[in-house]
Number of protein chains: 2
Amino acid sequence: MIGSHLARRTDGRLADGRDIYFYDRPERPPRVISDPRDLDPPAIASDMRYDRLLDEWVAVAALRQHRTHRPTTDDCPLCPSRDGQWTEIPEPDYDVVVLANRFPSLVPAASSTPVDLSPRPDEDGAAPLVRPNVGRCEVVSFSSQHGIAFHELSPSQARLVVDVWADRTAELATWPNVEQVFCFENRGDEIGATIRHPHGQIYAYPYVTPRTRQMLRAAQVHRERHGGNLFADLLAAEQRDGRRIVRRGACWTAFVPVAARWPVEVHLMPERQAASIDELTDDERDDFVAVYLDVLARLDRLYDGPLPYIAAWHQAPVRDGRDLAYTHLQLFSMQRSANRWKYLAGSESGMGAFVNDVRPEDLAERLRELA
Amino acid sequence: MIGSHLARRTDGRLADGRDIYFYDRPERPPRVISDPRDLDPPAIASDMRYDRLLDEWVAVAALRQHRTHRPTTDDCPLCPSRDGQWTEIPEPDYDVVVLANRFPSLVPAASSTPVDLSPRPDEDGAAPLVRPNVGRCEVVSFSSQHGIAFHELSPSQARLVVDVWADRTAELATWPNVEQVFCFENRGDEIGATIRHPHGQIYAYPYVTPRTRQMLRAAQVHRERHGGNLFADLLAAEQRDGRRIVRRGACWTAFVPVAARWPVEVHLMPERQAASIDELTDDERDDFVAVYLDVLARLDRLYDGPLPYIAAWHQAPVRDGRDLAYTHLQLFSMQRSANRWKYLAGSESGMGAFVNDVRPEDLAERLRELA
């Protein structure tokens with residue numbers, strides 16, 4: 001079931017019926033999962049709305065106002081359950097755990113009949129287009145240790161997380177209604193993370209996301225015009241140029257993109273094209289861990305403290321454009337100095353027109369120096 | 001020069017050479033503008049970078065770290081100059097003033113030769129594509145009164161602001177390198193506004209912005225498929241449906257879009273297609289003011305206090321798609337309850353995939369009740 005020789009997966013269910021998956025190192029004894037809590041499934045009024053002005057879907061998931069908001073360490077939902085205190089993880093210890101989000105933005109379909117999002121020819125071209133909300137939101141706890149940051153994970157623990165991303169990506173791709181799998185981490189209160197325990201999330205969307213559609217369109221035009229793969233050609237150009245390289249590994253290169261939108265932005269790209277994380281080899285996963293842990297540690301040295309960031313895994317859609325796509329990690333932060341923040345105001349949020357007040361070459365130079 | 005019978009424009013220059021335009025009611029005496037301050041032009045390292053992954057331009061404007069940051073009332077740069085204290089506006093009183101931004105994201109070209117942003121056929125398809133930063137950023141002071149909000153302006157003062165937007169739009173459209181004019185207001189510290197004096201901004205971009213390109217693409221497809229204008233057809237559909245209407249005037253309708261991305265989002269659309277603000281008639285401008293002041297006042301009642309918001313005027317590009325475009329105002333806020341904020345985290349910032357946890361119909365109903 002899991003595409004790794006490093007872990008064994010045990011599936012269970014939480015008290016309200018949600019899935020939970022334990023990814024354990026082989027030396028752990030087998031588990032029998034049982035959640036004794038008394039939990040009602042949360043009521044969420046959700047659907048999908050088609051935005052005709054932008055040709056994009058928007059998910060609506062209302063009544064999520066009661067979700068967990070910055071719990072104290074004592075009642076962290078992602079710590080193991082110990083001393084009679086039950087958390088979301090009903091076991092006394094674990095390596096990596098994935099569970100279905102209790103307050104999901106995307107909810108699995110009630111019926112097994114796939115939902116067709118595409119506008120039907122008989123539908124009015126301007127009337128509201130509303131469909132059932134379908135998809136999946138999962139939470140990935142990176143470690144049982146509450147106070148640890150991703151870059152403080154041991155390489156073998158970080159490698160286990162990569163294998164978990166790969167396993168979830170491969171499995172969710174087989175679900176009906178799933179068109180794209182997105183693994184990400186929001187780190188820091190300032191970015192809206194509501195839980196401080198080191199964790200990430202996985203969204204399985206019922207559509208190809210806007211940014212991915214845009215990248216695939218650019219990659220298609222590039223192929224027609226120049227013959228090559230856009231991502232591979234960009235990576236080679238950055239390596240030739242050199243000014244924006246932060247760190248090179250055997251299989252991965254970390255660089256600040258020439259048109260970075262954010263005051264801190266680093267892309268990690270592999271030498272070899274892989275459409276999604278599950279297509280990465282053992283060597284590529286290990287080298288990713290080496291480069292990523294190093295880059296993350298540098299980021300925390302930028303302003304001498306934990307940098308709020310978003311780490312976003314770009315993966316190919318499940319069906320379309322897998323030959324054009326090229327899995328890579330986009331790491332970015334809105335923090336533009338020790339006490340300043342980049343706000344997405346009128347130009348960015350209204351027009352989609354970004355202004356960056358940090359020169360990409362200057363950021364790359366600083367990050368290289370922070371070894 | 002100005003497309004309004006309500007105001008007279010007087011042009012001047014600030015101490016560092018920047019333009020300033022006074023828009024005065026006819027009863028004010030003529031002005032002779034003179035700025036006695038000793039100002040160095042700020043040094044800004046700026047250029048435009050082409051993002052090949054997304055087929056979009058990004059402006060880089062570095063060394064803007066010293067810009068004015070939340071000055072106290074005493075040294076507000078947009079208050080009139082009085083009692084020997086010189087501000088950015090070297091006159092003792094004014095109605096509406098526009099001035100070139102001292103810390104611009106987009107800077108006027110040094111040479112009068114237009115800059116060609118389009119990739120040339122001989123340029124490598126993956127090498128960094130960097131062009132001079134060109135364009136224009138202006139600040140619009142809505143009133144000489146420091147403590148007033150837009151919705152507290154008198155209708156005749158608000159109407160003067162509309163005329164100023166129209167005049168700037170028409171004039172900037174004639175500049176070399178300007179492809180689109182964007183008038184907007186960022187209100188509130190939480191949205192990144194650095195000055196509390198009631199003011200807006202105008203960006204004149206050297207390219208058609210991403211959101212506008214996307215809307216024009218959707219409008220083109222809609223016309224080919226259904227024959228009509230997408231915006232007009234959407235407005236008519238909202239009016240027929242009725243559930244998301246906030247307020248209807250004689251010429252303008254305010255409604256929550258069916259696929260709203262933000263917890264608070266209201267669009268104001270006119271009945272008649274106009275490509276840009278300067279094409280609006282006197283009646284349309286007056287009715288806009290009536291509807292807009294009413295909607296803004298409702299927004300401040302949502303959570304019983306000044307709502308941080310972005311007001312974004314969507315206008316046609318200067319050259320392309322003027323028959324497809326349809327000027328309208330998009331008003332939105334990230335505030336989702338009295339003490340909660342909508343963060344653009346992984347899904348929105350990484351993938352462009354929005355999740356809204358307020359149902360548009362619920363928001364419209366609340367706003368209707370807050371009369």
# chains A, B, ... in the order shown; residues from 1 in each chain; ligands from 1
>>> residues_around(residues="Ala338 in chain A", least_positions_apart="2", cutoff="9 Å", atoms="only C-alpha atoms", output="mmCIF file with N, CA and C atoms, in the first residue's frame")
data_model
loop_
_atom_site.group_PDB
_atom_site.id
_atom_site.type_symbol
_atom_site.label_atom_id
_atom_site.label_comp_id
_atom_site.auth_asym_id
_atom_site.auth_seq_id
_atom_site.Cartn_x
_atom_site.Cartn_y
_atom_site.Cartn_z
ATOM 1 N N LEU A 302 17.282 34.319 8.528
ATOM 2 C CA LEU A 302 17.112 35.590 7.807
ATOM 3 C C LEU A 302 16.817 36.739 8.751
ATOM 4 N N TYR A 303 15.845 36.526 9.648
ATOM 5 C CA TYR A 303 15.478 37.586 10.600
ATOM 6 C C TYR A 303 15.647 37.083 12.029
ATOM 7 N N ASP A 304 16.526 36.090 12.206
ATOM 8 C CA ASP A 304 16.833 35.569 13.544
ATOM 9 C C ASP A 304 15.606 35.099 14.303
ATOM 10 N N GLY A 305 14.800 34.284 13.677
ATOM 11 C CA GLY A 305 13.632 33.740 14.367
ATOM 12 C C GLY A 305 12.841 32.888 13.404
ATOM 13 N N GLN A 335 6.996 37.840 4.921
ATOM 14 C CA GLN A 335 7.752 38.714 5.822
ATOM 15 C C GLN A 335 8.882 39.393 5.049
ATOM 16 N N ARG A 336 8.899 40.740 5.046
ATOM 17 C CA ARG A 336 9.899 41.399 4.200
ATOM 18 C C ARG A 336 11.042 42.025 4.986
ATOM 19 N N ARG A 340 8.497 43.921 9.227
ATOM 20 C CA ARG A 340 7.613 44.388 8.155
ATOM 21 C C ARG A 340 7.010 43.206 7.423
ATOM 22 N N TRP A 341 5.845 43.450 6.879
ATOM 23 C CA TRP A 341 5.053 42.418 6.266
ATOM 24 C C TRP A 341 4.657 42.857 4.867
#
>>> residues_around(residues="range 248-256 of chain B", least_positions_apart="4", cutoff="9 Å", atoms="only C-alpha atoms", output="PyMOL selection string")
chain B and resi 235+238-239+242-244+260+264-272+283-285+287-288+290-292+295+360-361+363-364
>>> write_last_selection(atoms="C-alpha atoms", output="PDB file, in the first residue's frame")
ATOM      1  CA  LEU B 235     -25.760  41.446 -13.733  1.00  0.00           C
ATOM      2  CA  GLU B 238     -28.185  38.434 -10.364  1.00  0.00           C
ATOM      3  CA  GLN B 239     -31.101  40.844 -10.657  1.00  0.00           C
ATOM      4  CA  GLY B 242     -32.291  38.494  -6.273  1.00  0.00           C
ATOM      5  CA  ARG B 243     -30.822  36.588  -3.338  1.00  0.00           C
ATOM      6  CA  ARG B 244     -27.454  38.288  -3.447  1.00  0.00           C
ATOM      7  CA  ALA B 260     -17.360  35.398  -3.875  1.00  0.00           C
ATOM      8  CA  VAL B 264     -16.914  40.213   2.506  1.00  0.00           C
ATOM      9  CA  GLU B 265     -17.207  40.923  -1.218  1.00  0.00           C
ATOM     10  CA  VAL B 266     -19.594  43.245  -3.035  1.00  0.00           C
ATOM     11  CA  HIS B 267     -19.538  44.164  -6.719  1.00  0.00           C
ATOM     12  CA  LEU B 268     -21.036  47.416  -7.998  1.00  0.00           C
ATOM     13  CA  MET B 269     -22.019  47.248 -11.662  1.00  0.00           C
ATOM     14  CA  PRO B 270     -23.721  49.829 -13.859  1.00  0.00           C
ATOM     15  CA  GLU B 271     -26.710  48.952 -16.068  1.00  0.00           C
ATOM     16  CA  ARG B 272     -25.003  50.365 -19.128  1.00  0.00           C
ATOM     17  CA  ASP B 283     -26.220  60.604 -13.934  1.00  0.00           C
ATOM     18  CA  GLU B 284     -24.231  57.391 -13.660  1.00  0.00           C
ATOM     19  CA  ARG B 285     -21.574  59.097 -11.546  1.00  0.00           C
ATOM     20  CA  ASP B 287     -25.993  57.265  -8.835  1.00  0.00           C
ATOM     21  CA  PHE B 288     -22.719  55.456  -8.225  1.00  0.00           C
ATOM     22  CA  ALA B 290     -25.469  57.201  -3.823  1.00  0.00           C
ATOM     23  CA  VAL B 291     -25.112  53.418  -3.989  1.00  0.00           C
ATOM     24  CA  TYR B 292     -21.449  53.330  -2.963  1.00  0.00           C
ATOM     25  CA  VAL B 295     -22.875  50.157   0.779  1.00  0.00           C
ATOM     26  CA  PRO B 360     -22.601  34.784  -0.324  1.00  0.00           C
ATOM     27  CA  GLU B 361     -26.378  34.638   0.261  1.00  0.00           C
ATOM     28  CA  LEU B 363     -23.601  38.018   3.571  1.00  0.00           C
ATOM     29  CA  ALA B 364     -26.078  39.703   1.203  1.00  0.00           C
TER      30      ALA B 364
END
>>> atom_distance(atom1="CA of Ile33 in chain B", atom2="CA of Val164 in chain B")
18.9 Å
>>> select_by_dssp(residues="range 53-178 of chain B", states="strand (DSSP E or B)", output="list in words")
Glu56, Trp57, Val58, Ala59, Val60, Ala61, Ala62, Pro80, Arg82, Gln85, Ile89, Val96, Val97, Val98, Leu99, Ala100, Val130, Arg131, Pro132, Arg136, Cys137, Glu138, Val139, Val140 and Ser141 of chain B
>>> interface_residues(of="chain B", to="chain A", cutoff="6 Å", atoms="only C-alpha atoms", output="number ranges by chain")
B: 49-51, 53-54, 58-62, 126-127, 192, 209-211, 214-215, 233-234, 237, 259, 310, 312, 343, 346, 350-358
>>> residues_around(residues="range 273-275 of chain A", least_positions_apart="2", cutoff="8 Å", atoms="only C-alpha atoms", output="PyMOL selection string")
chain A and resi 232+270-271+277+279-280+315-316+322-323+325-327
>>> atom_distance(atom1="CA of Asp163 in chain A", atom2="CA of Trp86 in chain A")
27.2 Å
>>> residues_around(residues="Ala109 in chain A", least_positions_apart="3", cutoff="10 Å", atoms="only C-alpha atoms", output="list of chain:residue names")
A:Leu106, A:Ser112, A:Thr113, A:Pro114, A:Val115, A:Pro132, A:Asn133, A:Val134, A:Gly135, A:Arg136, A:Pro176, A:Asn177
>>> select_by_dssp(residues="range 135-357 of chain B", states="helix (DSSP H, G or I)", output="CSV table (one decimal) with N, CA and C atoms, in the first residue's frame")
chain,number,residue,atom,x,y,z
B,150,PHE,N,-14.3,57.4,3.7
B,150,PHE,CA,-14.9,57.7,2.4
B,150,PHE,C,-16.4,57.8,2.5
B,151,HIS,N,-17.0,56.9,3.3
B,151,HIS,CA,-18.4,56.9,3.4
B,151,HIS,C,-19.0,58.1,4.1
B,152,GLU,N,-18.1,58.9,4.8
B,152,GLU,CA,-18.6,60.1,5.4
B,152,GLU,C,-18.4,61.3,4.6
B,155,PRO,N,-22.0,63.7,-0.6
B,155,PRO,CA,-22.1,63.2,-2.0
B,155,PRO,C,-21.4,64.1,-3.0
B,156,SER,N,-21.4,65.4,-2.8
B,156,SER,CA,-20.7,66.2,-3.8
B,156,SER,C,-19.2,66.0,-3.8
B,157,GLN,N,-18.7,65.8,-2.6
B,157,GLN,CA,-17.2,65.5,-2.4
B,157,GLN,C,-16.9,64.2,-3.1
B,158,ALA,N,-17.7,63.2,-2.8
B,158,ALA,CA,-17.5,61.8,-3.4
B,158,ALA,C,-17.6,61.9,-4.9
B,159,ARG,N,-18.5,62.7,-5.4
B,159,ARG,CA,-18.7,62.9,-6.8
B,159,ARG,C,-17.4,63.5,-7.4
B,160,LEU,N,-16.8,64.5,-6.7
B,160,LEU,CA,-15.6,65.1,-7.2
B,160,LEU,C,-14.5,64.0,-7.3
B,161,VAL,N,-14.4,63.1,-6.3
B,161,VAL,CA,-13.4,62.0,-6.4
B,161,VAL,C,-13.7,61.2,-7.7
B,162,VAL,N,-14.9,60.9,-8.0
B,162,VAL,CA,-15.2,60.1,-9.2
B,162,VAL,C,-14.7,60.9,-10.4
B,163,ASP,N,-14.9,62.2,-10.4
B,163,ASP,CA,-14.5,63.0,-11.6
B,163,ASP,C,-12.9,63.0,-11.7
B,164,VAL,N,-12.3,62.9,-10.5
B,164,VAL,CA,-10.8,62.9,-10.5
B,164,VAL,C,-10.4,61.5,-11.0
B,165,TRP,N,-11.0,60.4,-10.6
B,165,TRP,CA,-10.6,59.1,-11.2
B,165,TRP,C,-10.8,59.1,-12.7
B,166,ALA,N,-11.9,59.7,-13.1
B,166,ALA,CA,-12.2,59.8,-14.6
B,166,ALA,C,-11.1,60.6,-15.3
B,167,ASP,N,-10.7,61.7,-14.7
B,167,ASP,CA,-9.7,62.6,-15.4
B,167,ASP,C,-8.4,61.9,-15.4
B,168,ARG,N,-8.0,61.3,-14.3
B,168,ARG,CA,-6.7,60.6,-14.3
B,168,ARG,C,-6.7,59.4,-15.3
B,169,THR,N,-7.8,58.7,-15.3
B,169,THR,CA,-7.9,57.5,-16.2
B,169,THR,C,-7.7,58.0,-17.7
B,170,ALA,N,-8.4,59.0,-18.0
B,170,ALA,CA,-8.3,59.5,-19.4
B,170,ALA,C,-6.9,60.0,-19.7
B,171,GLU,N,-6.3,60.8,-18.8
B,171,GLU,CA,-5.0,61.3,-19.1
B,171,GLU,C,-3.9,60.2,-19.1
B,172,LEU,N,-3.9,59.4,-18.1
B,172,LEU,CA,-2.9,58.3,-18.1
B,172,LEU,C,-3.0,57.4,-19.3
B,189,ASP,N,-5.2,49.6,8.5
B,189,ASP,CA,-3.8,49.1,8.9
B,189,ASP,C,-3.7,47.6,8.4
B,190,GLU,N,-4.8,46.8,8.7
B,190,GLU,CA,-4.7,45.4,8.5
B,190,GLU,C,-4.5,45.0,7.0
B,191,ILE,N,-4.8,46.0,6.1
B,191,ILE,CA,-4.7,45.7,4.7
B,191,ILE,C,-3.3,46.3,4.2
B,210,PRO,N,-3.1,40.6,-14.8
B,210,PRO,CA,-3.6,39.2,-14.9
B,210,PRO,C,-5.1,39.0,-14.7
B,211,ARG,N,-5.7,39.7,-13.7
B,211,ARG,CA,-7.1,39.5,-13.5
B,211,ARG,C,-7.9,40.0,-14.7
B,212,THR,N,-7.5,41.1,-15.3
B,212,THR,CA,-8.2,41.7,-16.4
B,212,THR,C,-8.1,40.8,-17.7
B,213,ARG,N,-6.9,40.3,-17.9
B,213,ARG,CA,-6.7,39.3,-19.0
B,213,ARG,C,-7.6,38.1,-18.9
B,214,GLN,N,-7.7,37.6,-17.6
B,214,GLN,CA,-8.6,36.5,-17.4
B,214,GLN,C,-10.1,36.8,-17.6
B,215,MET,N,-10.5,38.0,-17.2
B,215,MET,CA,-11.9,38.4,-17.4
B,215,MET,C,-12.2,38.6,-18.8
B,216,LEU,N,-11.2,39.2,-19.6
B,216,LEU,CA,-11.5,39.4,-21.0
B,216,LEU,C,-11.5,38.1,-21.8
B,217,ARG,N,-10.7,37.1,-21.3
B,217,ARG,CA,-10.7,35.8,-22.0
B,217,ARG,C,-12.1,35.2,-21.7
B,218,ALA,N,-12.6,35.3,-20.5
B,218,ALA,CA,-13.9,34.7,-20.2
B,218,ALA,C,-15.0,35.4,-21.0
B,219,ALA,N,-14.9,36.7,-21.1
B,219,ALA,CA,-15.9,37.5,-21.8
B,219,ALA,C,-15.9,37.2,-23.3
B,220,GLN,N,-14.7,36.9,-23.8
B,220,GLN,CA,-14.6,36.6,-25.2
B,220,GLN,C,-15.3,35.2,-25.5
B,221,VAL,N,-15.0,34.2,-24.6
B,221,VAL,CA,-15.6,32.9,-24.8
B,221,VAL,C,-17.1,33.0,-24.7
B,222,HIS,N,-17.5,33.8,-23.7
B,222,HIS,CA,-19.0,34.0,-23.5
B,222,HIS,C,-19.7,34.6,-24.7
B,223,ARG,N,-19.0,35.6,-25.3
B,223,ARG,CA,-19.6,36.2,-26.5
B,223,ARG,C,-19.7,35.2,-27.6
B,224,GLU,N,-18.6,34.4,-27.8
B,224,GLU,CA,-18.6,33.4,-28.9
B,224,GLU,C,-19.7,32.4,-28.7
B,225,ARG,N,-20.0,32.0,-27.4
B,225,ARG,CA,-20.9,31.0,-27.1
B,225,ARG,C,-22.3,31.4,-27.0
B,226,HIS,N,-22.5,32.6,-26.4
B,226,HIS,CA,-23.9,33.0,-26.1
B,226,HIS,C,-24.3,34.4,-26.7
B,230,LEU,N,-20.6,39.3,-21.2
B,230,LEU,CA,-20.6,38.5,-20.0
B,230,LEU,C,-21.1,39.3,-18.7
B,231,PHE,N,-20.5,40.5,-18.5
B,231,PHE,CA,-20.8,41.3,-17.3
B,231,PHE,C,-22.3,41.7,-17.3
B,232,ALA,N,-22.8,42.1,-18.4
B,232,ALA,CA,-24.2,42.5,-18.5
B,232,ALA,C,-25.1,41.3,-18.2
B,233,ASP,N,-24.8,40.2,-18.8
B,233,ASP,CA,-25.6,39.0,-18.6
B,233,ASP,C,-25.5,38.5,-17.2
B,234,LEU,N,-24.3,38.6,-16.5
B,234,LEU,CA,-24.2,38.2,-15.1
B,234,LEU,C,-25.0,39.2,-14.2
B,235,LEU,N,-25.0,40.5,-14.5
B,235,LEU,CA,-25.8,41.4,-13.7
B,235,LEU,C,-27.3,41.1,-13.9
B,236,ALA,N,-27.7,40.9,-15.1
B,236,ALA,CA,-29.1,40.6,-15.3
B,236,ALA,C,-29.5,39.3,-14.5
B,237,ALA,N,-28.6,38.3,-14.5
B,237,ALA,CA,-28.9,37.1,-13.8
B,237,ALA,C,-29.0,37.3,-12.3
B,238,GLU,N,-28.1,38.1,-11.8
B,238,GLU,CA,-28.2,38.4,-10.4
B,238,GLU,C,-29.5,39.2,-10.0
B,239,GLN,N,-29.9,40.1,-10.9
B,239,GLN,CA,-31.1,40.8,-10.7
B,239,GLN,C,-32.3,39.9,-10.7
B,240,ARG,N,-32.3,39.0,-11.7
B,240,ARG,CA,-33.5,38.0,-11.7
B,240,ARG,C,-33.5,37.1,-10.5
B,241,ASP,N,-32.3,36.7,-10.0
B,241,ASP,CA,-32.2,35.8,-8.9
B,241,ASP,C,-32.5,36.5,-7.6
B,277,ILE,N,-14.1,54.5,-16.3
B,277,ILE,CA,-14.8,55.5,-15.5
B,277,ILE,C,-15.1,56.8,-16.3
B,278,ASP,N,-14.1,57.2,-17.1
B,278,ASP,CA,-14.3,58.4,-17.8
B,278,ASP,C,-15.5,58.3,-18.9
B,279,GLU,N,-16.0,57.1,-19.1
B,279,GLU,CA,-17.1,57.0,-20.0
B,279,GLU,C,-18.4,57.1,-19.3
B,282,ASP,N,-22.9,61.9,-16.3
B,282,ASP,CA,-23.1,62.6,-15.0
B,282,ASP,C,-24.1,61.8,-14.1
B,283,ASP,N,-25.2,61.3,-14.7
B,283,ASP,CA,-26.2,60.6,-13.9
B,283,ASP,C,-25.6,59.3,-13.4
B,284,GLU,N,-24.8,58.6,-14.1
B,284,GLU,CA,-24.2,57.4,-13.7
B,284,GLU,C,-23.2,57.7,-12.5
B,285,ARG,N,-22.5,58.8,-12.6
B,285,ARG,CA,-21.6,59.1,-11.5
B,285,ARG,C,-22.3,59.4,-10.3
B,286,ASP,N,-23.4,60.2,-10.4
B,286,ASP,CA,-24.2,60.6,-9.2
B,286,ASP,C,-24.8,59.3,-8.6
B,287,ASP,N,-25.4,58.5,-9.4
B,287,ASP,CA,-26.0,57.3,-8.8
B,287,ASP,C,-25.0,56.3,-8.2
B,288,PHE,N,-23.8,56.3,-8.8
B,288,PHE,CA,-22.7,55.5,-8.2
B,288,PHE,C,-22.4,55.9,-6.8
B,289,VAL,N,-22.3,57.3,-6.7
B,289,VAL,CA,-22.0,57.8,-5.3
B,289,VAL,C,-23.1,57.4,-4.3
B,290,ALA,N,-24.4,57.5,-4.7
B,290,ALA,CA,-25.5,57.2,-3.8
B,290,ALA,C,-25.4,55.7,-3.4
B,291,VAL,N,-25.2,54.8,-4.3
B,291,VAL,CA,-25.1,53.4,-4.0
B,291,VAL,C,-23.8,53.1,-3.2
B,292,TYR,N,-22.7,53.7,-3.6
B,292,TYR,CA,-21.4,53.3,-3.0
B,292,TYR,C,-21.4,53.8,-1.5
B,293,LEU,N,-21.8,55.1,-1.3
B,293,LEU,CA,-21.8,55.6,0.1
B,293,LEU,C,-22.7,54.7,1.0
B,294,ASP,N,-23.8,54.3,0.5
B,294,ASP,CA,-24.7,53.5,1.3
B,294,ASP,C,-24.1,52.1,1.6
B,295,VAL,N,-23.5,51.5,0.6
B,295,VAL,CA,-22.9,50.2,0.8
B,295,VAL,C,-21.7,50.3,1.8
B,296,LEU,N,-20.9,51.3,1.6
B,296,LEU,CA,-19.7,51.4,2.5
B,296,LEU,C,-20.2,51.6,3.9
B,297,ALA,N,-21.3,52.4,4.1
B,297,ALA,CA,-21.8,52.6,5.5
B,297,ALA,C,-22.2,51.3,6.1
B,298,ARG,N,-22.9,50.4,5.3
B,298,ARG,CA,-23.3,49.1,5.7
B,298,ARG,C,-22.1,48.3,6.2
B,299,LEU,N,-21.0,48.3,5.4
B,299,LEU,CA,-19.9,47.5,5.7
B,299,LEU,C,-19.3,47.8,7.1
B,300,ASP,N,-19.3,49.1,7.5
B,300,ASP,CA,-18.8,49.5,8.8
B,300,ASP,C,-19.8,49.0,9.9
B,301,ARG,N,-21.0,48.7,9.6
B,301,ARG,CA,-21.9,48.2,10.6
B,301,ARG,C,-21.8,46.7,10.7
B,302,LEU,N,-21.1,46.0,9.8
B,302,LEU,CA,-21.0,44.5,9.9
B,302,LEU,C,-20.5,44.1,11.2
B,346,GLY,N,-1.9,28.4,2.0
B,346,GLY,CA,-1.4,27.5,0.9
B,346,GLY,C,-2.4,27.4,-0.3
B,347,SER,N,-3.6,27.2,0.0
B,347,SER,CA,-4.5,26.9,-1.1
B,347,SER,C,-4.7,28.2,-2.0
B,348,GLU,N,-4.9,29.3,-1.4
B,348,GLU,CA,-5.1,30.5,-2.2
B,348,GLU,C,-3.8,31.1,-2.7
B,349,SER,N,-2.7,31.2,-1.9
B,349,SER,CA,-1.5,31.8,-2.3
B,349,SER,C,-0.6,30.9,-3.2
B,350,GLY,N,-0.7,29.6,-2.9
B,350,GLY,CA,0.1,28.6,-3.6
B,350,GLY,C,-0.6,28.1,-4.9
B,351,MET,N,-1.9,27.8,-4.8
B,351,MET,CA,-2.6,27.2,-6.0
B,351,MET,C,-3.6,28.2,-6.6
>>> closest_residue(among="A:Leu370, A:Met334, A:Val97, A:Val107", to="Gly188 in chain A", atoms="only C-alpha atoms")
A:Met334
>>> atom_distance(atom1="CA of Val96 in chain A", atom2="CA of Tyr21 in chain A")
8.6 Å
>>> decode(residues="range 107-118 of chain B", atoms="N, CA and C atoms", output="PDB file, in the first residue's frame")
ATOM      1  N   VAL B 107       7.611  53.162 -12.067  1.00  0.00           N
ATOM      2  CA  VAL B 107       8.242  54.474 -12.235  1.00  0.00           C
ATOM      3  C   VAL B 107       8.180  54.910 -13.694  1.00  0.00           C
ATOM      4  N   PRO B 108       7.920  56.189 -13.937  1.00  0.00           N
ATOM      5  CA  PRO B 108       7.863  56.656 -15.324  1.00  0.00           C
ATOM      6  C   PRO B 108       9.198  56.410 -16.028  1.00  0.00           C
ATOM      7  N   ALA B 109       9.133  56.086 -17.305  1.00  0.00           N
ATOM      8  CA  ALA B 109      10.346  55.794 -18.065  1.00  0.00           C
ATOM      9  C   ALA B 109      11.245  57.020 -18.139  1.00  0.00           C
ATOM     10  N   ALA B 110      12.552  56.775 -18.082  1.00  0.00           N
ATOM     11  CA  ALA B 110      13.519  57.864 -18.192  1.00  0.00           C
ATOM     12  C   ALA B 110      13.495  58.426 -19.614  1.00  0.00           C
ATOM     13  N   SER B 111      13.293  57.546 -20.580  1.00  0.00           N
ATOM     14  CA  SER B 111      13.295  57.986 -21.973  1.00  0.00           C
ATOM     15  C   SER B 111      11.863  58.004 -22.500  1.00  0.00           C
ATOM     16  N   SER B 112      11.632  58.796 -23.523  1.00  0.00           N
ATOM     17  CA  SER B 112      10.282  58.863 -24.079  1.00  0.00           C
ATOM     18  C   SER B 112      10.027  57.734 -25.077  1.00  0.00           C
ATOM     19  N   THR B 113      11.072  56.960 -25.406  1.00  0.00           N
ATOM     20  CA  THR B 113      10.881  55.816 -26.299  1.00  0.00           C
ATOM     21  C   THR B 113      10.101  54.729 -25.551  1.00  0.00           C
ATOM     22  N   PRO B 114       8.957  54.292 -26.085  1.00  0.00           N
ATOM     23  CA  PRO B 114       8.192  53.267 -25.371  1.00  0.00           C
ATOM     24  C   PRO B 114       9.012  51.992 -25.165  1.00  0.00           C
ATOM     25  N   VAL B 115       8.821  51.364 -24.022  1.00  0.00           N
ATOM     26  CA  VAL B 115       9.499  50.109 -23.700  1.00  0.00           C
ATOM     27  C   VAL B 115       8.646  48.956 -24.220  1.00  0.00           C
ATOM     28  N   ASP B 116       9.251  48.070 -24.973  1.00  0.00           N
ATOM     29  CA  ASP B 116       8.514  46.924 -25.489  1.00  0.00           C
ATOM     30  C   ASP B 116       8.708  45.740 -24.546  1.00  0.00           C
ATOM     31  N   LEU B 117       7.625  45.337 -23.874  1.00  0.00           N
ATOM     32  CA  LEU B 117       7.730  44.240 -22.914  1.00  0.00           C
ATOM     33  C   LEU B 117       7.666  42.874 -23.573  1.00  0.00           C
ATOM     34  N   SER B 118       7.133  42.795 -24.768  1.00  0.00           N
ATOM     35  CA  SER B 118       6.893  41.465 -25.336  1.00  0.00           C
ATOM     36  C   SER B 118       8.215  40.758 -25.643  1.00  0.00           C
TER      37      SER B 118
END
